[in-house]
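Source file: run_5.pdb. Holds: PDB, C-alpha atoms.
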ATOM      1  CA  MET A  27     -28.308  94.453 -95.793  1.00  0.00           C
ATOM      2  CA  SER A  28     -28.930  96.027 -92.434  1.00  0.00           C
ATOM      3  CA  ASP A  29     -27.036  99.299 -92.836  1.00  0.00           C
ATOM      4  CA  ILE A  30     -28.425 100.785 -96.028  1.00  0.00           C
ATOM      5  CA  LYS A  31     -27.456 104.295 -97.064  1.00  0.00           C
ATOM      6  CA  LEU A  32     -29.571 106.035 -99.698  1.00  0.00           C
ATOM      7  CA  ALA A  33     -28.344 109.122-101.554  1.00  0.00           C
ATOM      8  CA  VAL A  34     -31.045 111.198-103.237  1.00  0.00           C
ATOM      9  CA  ILE A  35     -29.650 113.451-105.963  1.00  0.00           C
ATOM     10  CA  GLY A  36     -32.168 116.277-106.266  1.00  0.00           C
ATOM     11  CA  GLY A  37     -33.228 115.814-102.650  1.00  0.00           C
ATOM     12  CA  GLY A  38     -34.872 119.246-102.520  1.00  0.00           C
ATOM     13  CA  SER A  39     -37.466 118.105-105.044  1.00  0.00           C
ATOM     14  CA  SER A  40     -41.158 118.329-104.208  1.00  0.00           C
ATOM     15  CA  TYR A  41     -41.248 114.592-105.025  1.00  0.00           C
ATOM     16  CA  THR A  42     -39.007 113.727-102.057  1.00  0.00           C
ATOM     17  CA  PRO A  43     -41.788 113.590 -99.412  1.00  0.00           C
ATOM     18  CA  GLU A  44     -43.564 110.975-101.522  1.00  0.00           C
ATOM     19  CA  LEU A  45     -40.309 109.001-101.692  1.00  0.00           C
ATOM     20  CA  ILE A  46     -39.884 109.281 -97.911  1.00  0.00           C
ATOM     21  CA  SER A  47     -43.469 108.110 -97.415  1.00  0.00           C
ATOM     22  CA  GLY A  48     -42.798 105.056 -99.587  1.00  0.00           C
ATOM     23  CA  ILE A  49     -39.663 104.256 -97.589  1.00  0.00           C
ATOM     24  CA  ILE A  50     -41.597 104.582 -94.340  1.00  0.00           C
ATOM     25  CA  ASP A  51     -44.294 102.210 -95.619  1.00  0.00           C
ATOM     26  CA  ARG A  52     -41.674  99.612 -96.621  1.00  0.00           C
ATOM     27  CA  ILE A  53     -39.031 100.065 -93.936  1.00  0.00           C
ATOM     28  CA  GLU A  54     -39.288  96.412 -92.857  1.00  0.00           C
ATOM     29  CA  LEU A  55     -38.489  95.215 -96.389  1.00  0.00           C
ATOM     30  CA  LEU A  56     -35.701  97.698 -97.035  1.00  0.00           C
ATOM     31  CA  PRO A  57     -34.205  98.791 -93.707  1.00  0.00           C
ATOM     32  CA  ILE A  58     -32.699 102.119 -94.729  1.00  0.00           C
ATOM     33  CA  ARG A  59     -30.780 103.662 -91.844  1.00  0.00           C
ATOM     34  CA  GLU A  60     -29.375 106.752 -93.548  1.00  0.00           C
ATOM     35  CA  ILE A  61     -30.755 109.059 -96.225  1.00  0.00           C
ATOM     36  CA  VAL A  62     -28.671 111.879 -97.663  1.00  0.00           C
ATOM     37  CA  LEU A  63     -30.571 114.552 -99.563  1.00  0.00           C
ATOM     38  CA  VAL A  64     -28.278 116.222-102.098  1.00  0.00           C
ATOM     39  CA  ASP A  65     -29.003 119.369-104.030  1.00  0.00           C
ATOM     40  CA  ILE A  66     -27.327 122.453-105.443  1.00  0.00           C
ATOM     41  CA  PRO A  67     -26.779 125.685-103.484  1.00  0.00           C
ATOM     42  CA  GLU A  68     -29.457 127.469-105.533  1.00  0.00           C
ATOM     43  CA  GLY A  69     -31.971 125.019-104.054  1.00  0.00           C
ATOM     44  CA  GLU A  70     -30.923 125.566-100.440  1.00  0.00           C
ATOM     45  CA  GLU A  71     -34.283 126.864 -99.218  1.00  0.00           C
ATOM     46  CA  LYS A  72     -36.244 123.986-100.768  1.00  0.00           C
ATOM     47  CA  LEU A  73     -33.678 121.461 -99.541  1.00  0.00           C
ATOM     48  CA  SER A  74     -33.961 122.769 -95.967  1.00  0.00           C
ATOM     49  CA  ILE A  75     -37.758 122.586 -96.063  1.00  0.00           C
ATOM     50  CA  ILE A  76     -37.798 119.057 -97.523  1.00  0.00           C
ATOM     51  CA  HIS A  77     -35.109 117.906 -95.068  1.00  0.00           C
ATOM     52  CA  ALA A  78     -37.069 119.180 -92.046  1.00  0.00           C
ATOM     53  CA  LEU A  79     -40.289 117.616 -93.348  1.00  0.00           C
ATOM     54  CA  SER A  80     -38.550 114.281 -93.988  1.00  0.00           C
ATOM     55  CA  GLU A  81     -37.168 114.226 -90.449  1.00  0.00           C
ATOM     56  CA  ARG A  82     -40.619 114.951 -89.016  1.00  0.00           C
ATOM     57  CA  MET A  83     -42.178 112.182 -91.120  1.00  0.00           C
ATOM     58  CA  MET A  84     -39.671 109.606 -89.842  1.00  0.00           C
ATOM     59  CA  LYS A  85     -39.955 110.792 -86.245  1.00  0.00           C
ATOM     60  CA  LYS A  86     -43.758 110.622 -86.346  1.00  0.00           C
ATOM     61  CA  ARG A  87     -43.565 106.945 -87.340  1.00  0.00           C
ATOM     62  CA  GLY A  88     -40.860 106.211 -84.760  1.00  0.00           C
ATOM     63  CA  ILE A  89     -38.301 105.187 -87.368  1.00  0.00           C
ATOM     64  CA  ASN A  90     -34.626 105.513 -86.497  1.00  0.00           C
ATOM     65  CA  CYS A  91     -33.249 106.796 -89.780  1.00  0.00           C
ATOM     66  CA  LYS A  92     -30.626 109.508 -90.009  1.00  0.00           C
ATOM     67  CA  ILE A  93     -31.548 112.129 -92.622  1.00  0.00           C
ATOM     68  CA  THR A  94     -28.988 114.707 -93.648  1.00  0.00           C
ATOM     69  CA  LYS A  95     -28.735 117.348 -96.353  1.00  0.00           C
ATOM     70  CA  THR A  96     -25.703 118.451 -98.324  1.00  0.00           C
ATOM     71  CA  PHE A  97     -24.437 120.147-101.453  1.00  0.00           C
ATOM     72  CA  ASP A  98     -21.434 117.780-101.494  1.00  0.00           C
ATOM     73  CA  ARG A  99     -22.485 115.010-103.861  1.00  0.00           C
ATOM     74  CA  LYS A 100     -19.280 113.001-103.409  1.00  0.00           C
ATOM     75  CA  SER A 101     -19.700 112.753 -99.638  1.00  0.00           C
ATOM     76  CA  ALA A 102     -23.334 111.764-100.141  1.00  0.00           C
ATOM     77  CA  LEU A 103     -22.351 109.020-102.569  1.00  0.00           C
ATOM     78  CA  ASN A 104     -19.546 107.712-100.366  1.00  0.00           C
ATOM     79  CA  GLY A 105     -20.652 104.264 -99.177  1.00  0.00           C
ATOM     80  CA  ALA A 106     -24.192 104.528-100.552  1.00  0.00           C
ATOM     81  CA  SER A 107     -26.077 101.311-101.233  1.00  0.00           C
ATOM     82  CA  PHE A 108     -28.624 103.007-103.490  1.00  0.00           C
ATOM     83  CA  VAL A 109     -28.640 106.291-105.402  1.00  0.00           C
ATOM     84  CA  ILE A 110     -31.828 107.888-106.655  1.00  0.00           C
ATOM     85  CA  ASN A 111     -31.598 110.526-109.389  1.00  0.00           C
ATOM     86  CA  GLN A 112     -34.460 113.017-109.463  1.00  0.00           C
ATOM     87  CA  PHE A 113     -32.801 116.219-110.552  1.00  0.00           C
ATOM     88  CA  ARG A 114     -33.743 118.876-113.108  1.00  0.00           C
ATOM     89  CA  VAL A 115     -30.832 120.664-114.800  1.00  0.00           C
ATOM     90  CA  GLY A 116     -31.879 124.263-115.323  1.00  0.00           C
ATOM     91  CA  GLY A 117     -34.764 124.097-112.873  1.00  0.00           C
ATOM     92  CA  LEU A 118     -38.371 124.909-113.645  1.00  0.00           C
ATOM     93  CA  LYS A 119     -37.357 127.801-115.907  1.00  0.00           C
ATOM     94  CA  ALA A 120     -35.685 125.313-118.270  1.00  0.00           C
ATOM     95  CA  ARG A 121     -38.800 123.119-118.177  1.00  0.00           C
ATOM     96  CA  GLU A 122     -40.935 126.106-119.090  1.00  0.00           C
ATOM     97  CA  LEU A 123     -38.719 126.787-122.110  1.00  0.00           C
ATOM     98  CA  ASP A 124     -38.651 123.107-123.121  1.00  0.00           C
ATOM     99  CA  GLU A 125     -42.435 123.106-123.197  1.00  0.00           C
ATOM    100  CA  SER A 126     -43.163 126.591-124.567  1.00  0.00           C
ATOM    101  CA  ILE A 127     -40.624 126.993-127.400  1.00  0.00           C
ATOM    102  CA  PRO A 128     -41.879 123.960-129.369  1.00  0.00           C
ATOM    103  CA  LEU A 129     -45.462 125.201-128.954  1.00  0.00           C
ATOM    104  CA  GLU A 130     -44.475 128.497-130.582  1.00  0.00           C
ATOM    105  CA  LEU A 131     -43.421 126.409-133.599  1.00  0.00           C
ATOM    106  CA  GLY A 132     -46.638 124.391-133.641  1.00  0.00           C
ATOM    107  CA  ILE A 133     -45.040 121.292-132.111  1.00  0.00           C
ATOM    108  CA  ILE A 134     -46.150 119.623-128.905  1.00  0.00           C
ATOM    109  CA  GLY A 135     -43.619 120.469-126.235  1.00  0.00           C
ATOM    110  CA  GLN A 136     -42.807 118.504-123.121  1.00  0.00           C
ATOM    111  CA  GLU A 137     -39.810 117.373-121.123  1.00  0.00           C
ATOM    112  CA  THR A 138     -39.808 113.723-122.130  1.00  0.00           C
ATOM    113  CA  THR A 139     -40.277 113.671-125.908  1.00  0.00           C
ATOM    114  CA  GLY A 140     -39.948 115.900-128.937  1.00  0.00           C
ATOM    115  CA  PRO A 141     -37.738 118.981-129.077  1.00  0.00           C
ATOM    116  CA  GLY A 142     -38.242 119.744-125.379  1.00  0.00           C
ATOM    117  CA  GLY A 143     -37.226 116.245-124.363  1.00  0.00           C
ATOM    118  CA  PHE A 144     -34.199 116.426-126.643  1.00  0.00           C
ATOM    119  CA  ALA A 145     -33.147 119.780-125.144  1.00  0.00           C
ATOM    120  CA  LYS A 146     -33.563 118.395-121.634  1.00  0.00           C
ATOM    121  CA  ALA A 147     -31.570 115.303-122.554  1.00  0.00           C
ATOM    122  CA  CYS A 148     -28.743 117.475-123.924  1.00  0.00           C
ATOM    123  CA  ARG A 149     -28.556 119.325-120.592  1.00  0.00           C
ATOM    124  CA  THR A 150     -29.052 116.277-118.395  1.00  0.00           C
ATOM    125  CA  ILE A 151     -27.061 113.401-119.909  1.00  0.00           C
ATOM    126  CA  PRO A 152     -23.643 114.943-119.127  1.00  0.00           C
ATOM    127  CA  VAL A 153     -24.654 115.434-115.481  1.00  0.00           C
ATOM    128  CA  ALA A 154     -26.073 111.899-115.230  1.00  0.00           C
ATOM    129  CA  LEU A 155     -22.878 110.433-116.697  1.00  0.00           C
ATOM    130  CA  ASN A 156     -20.820 112.467-114.253  1.00  0.00           C
ATOM    131  CA  ILE A 157     -22.853 111.061-111.369  1.00  0.00           C
ATOM    132  CA  ALA A 158     -22.364 107.518-112.709  1.00  0.00           C
ATOM    133  CA  GLY A 159     -18.605 108.131-112.842  1.00  0.00           C
ATOM    134  CA  GLU A 160     -18.615 109.405-109.277  1.00  0.00           C
ATOM    135  CA  MET A 161     -20.548 106.301-108.233  1.00  0.00           C
ATOM    136  CA  GLU A 162     -17.779 104.127-109.673  1.00  0.00           C
ATOM    137  CA  SER A 163     -15.364 105.847-107.289  1.00  0.00           C
ATOM    138  CA  TYR A 164     -17.474 106.363-104.153  1.00  0.00           C
ATOM    139  CA  CYS A 165     -20.074 103.578-104.163  1.00  0.00           C
ATOM    140  CA  PRO A 166     -19.148 101.042-106.867  1.00  0.00           C
ATOM    141  CA  ASN A 167     -21.626  98.420-105.648  1.00  0.00           C
ATOM    142  CA  ALA A 168     -24.596 100.776-105.368  1.00  0.00           C
ATOM    143  CA  TRP A 169     -27.733 100.514-107.454  1.00  0.00           C
ATOM    144  CA  LEU A 170     -28.744 103.600-109.421  1.00  0.00           C
ATOM    145  CA  ILE A 171     -32.475 104.249-109.656  1.00  0.00           C
ATOM    146  CA  ASN A 172     -33.248 106.940-112.203  1.00  0.00           C
ATOM    147  CA  PHE A 173     -36.335 109.171-111.923  1.00  0.00           C
ATOM    148  CA  THR A 174     -34.799 112.008-113.945  1.00  0.00           C
ATOM    149  CA  ASN A 175     -36.520 112.829-117.229  1.00  0.00           C
ATOM    150  CA  PRO A 176     -36.274 112.072-120.045  1.00  0.00           C
ATOM    151  CA  ALA A 177     -36.021 108.801-118.157  1.00  0.00           C
ATOM    152  CA  GLY A 178     -35.474 106.488-121.114  1.00  0.00           C
ATOM    153  CA  MET A 179     -32.632 108.499-122.616  1.00  0.00           C
ATOM    154  CA  ILE A 180     -30.992 109.134-119.222  1.00  0.00           C
ATOM    155  CA  THR A 181     -31.174 105.454-118.286  1.00  0.00           C
ATOM    156  CA  GLN A 182     -29.824 104.360-121.666  1.00  0.00           C
ATOM    157  CA  ALA A 183     -26.940 106.852-121.457  1.00  0.00           C
TER     158      ALA A 183
END

Structure rendered as structure tokens:
Amino acid sequence: MSDIKLAVIGGGSSYTPELISGIIDRIELLPIREIVLVDIPEGEEKLSIIHALSERMMKKRGINCKITKTFDRKSALNGASFVINQFRVGGLKARELDESIPLELGIIGQETTGPGGFAKACRTIPVALNIAGEMESYCPNAWLINFTNPAGMITQA
């Protein structure tokens, strides 16, 4: 495995720099040579910022790893060895609703359990299954690593 391609679905996430740092720290164990950060057009500004930061992080450590950004998920998945899901359907506004609406009803609200977690799962599972189907076509031997909440329900689906 010397030519590893990693596709990060939700690449504009504020969690991506931490992911890049972990890759940098373990580059000898997992020699990733290409990282594709994928996001949606609404996240273009964040994706551009995270992409530029990721490139600077790799350059600072002298690591030869191509980092690109795209809105084209299928091209990102094409030939990937690993796919990381870390996306949030509906963005932070949806998270705010998932957490605040249950509280108005006297129920603890959050994005992983309870009514908020169920609402997030209802929005997210169809997208996650679509990504899995695309993986069957574009990178059938890739490993999917899920960081998308509610993680248990998304992974089980």

Practice problem: Find the spatial neighbours of stretch 164-177 of chain A, counting all atoms listed in the file, within a cut-off of 12 Å - ignore same-chain residues fewer than 4 positions away - and output them as a PyMOL selection string. | Solution: chain A and resi 30-37+39+41-42+45+99-115+121+124+136-151+153-155+157-160+181-183

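Taking atom CA of A:Ile58 and atom CA of A:Gly178 as endpoints, the distance between them is 26.9 Å.
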
Practice problem: Run through the PyMOL selection byres ((chain A and resi 76) around 9) on the given coordinates and return the selected residues as a PyMOL selection string. | Solution: chain A and resi 37-40+42-43+63+71-75+77-81

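Taking atom CA of A:Cys91 and atom CA of A:Pro57 as endpoints, the distance between them is 9.0 Å.
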
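With atom CA of A:Arg82 on one side and atom CA of A:Thr96 on the other, the separation reads 17.9 Å.
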
Which centre and edge lengths in Å to one decimal define the box along x, y and z that fits every listed atom of stretch 132-148 of chain A plus 5 Å per side, as lines of an AutoDock Vina configuration file?
center_x = -37.7
center_y = 119.0
center_z = -127.4
size_x = 27.9
size_y = 20.7
size_z = 22.5

Once the PyMOL selection byres ((chain A and resi 87) around 12) is applied to the coordinates I shared, what remains selected? I want it as a JSON list (two decimals) with C-alpha atoms, in the coordinates of the input.
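In the end it all went to part.json:
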[["chain", "number", "residue", "atom", "x", "y", "z"],
["A", 46, "ILE", "CA", -39.88, 109.28, -97.91],
["A", 47, "SER", "CA", -43.47, 108.11, -97.42],
["A", 49, "ILE", "CA", -39.66, 104.26, -97.59],
["A", 50, "ILE", "CA", -41.60, 104.58, -94.34],
["A", 51, "ASP", "CA", -44.29, 102.21, -95.62],
["A", 52, "ARG", "CA", -41.67, 99.61, -96.62],
["A", 53, "ILE", "CA", -39.03, 100.06, -93.94],
["A", 80, "SER", "CA", -38.55, 114.28, -93.99],
["A", 81, "GLU", "CA", -37.17, 114.23, -90.45],
["A", 82, "ARG", "CA", -40.62, 114.95, -89.02],
["A", 83, "MET", "CA", -42.18, 112.18, -91.12],
["A", 84, "MET", "CA", -39.67, 109.61, -89.84],
["A", 85, "LYS", "CA", -39.96, 110.79, -86.24],
["A", 86, "LYS", "CA", -43.76, 110.62, -86.35],
["A", 88, "GLY", "CA", -40.86, 106.21, -84.76],
["A", 89, "ILE", "CA", -38.30, 105.19, -87.37],
["A", 90, "ASN", "CA", -34.63, 105.51, -86.50],
["A", 91, "CYS", "CA", -33.25, 106.80, -89.78]]
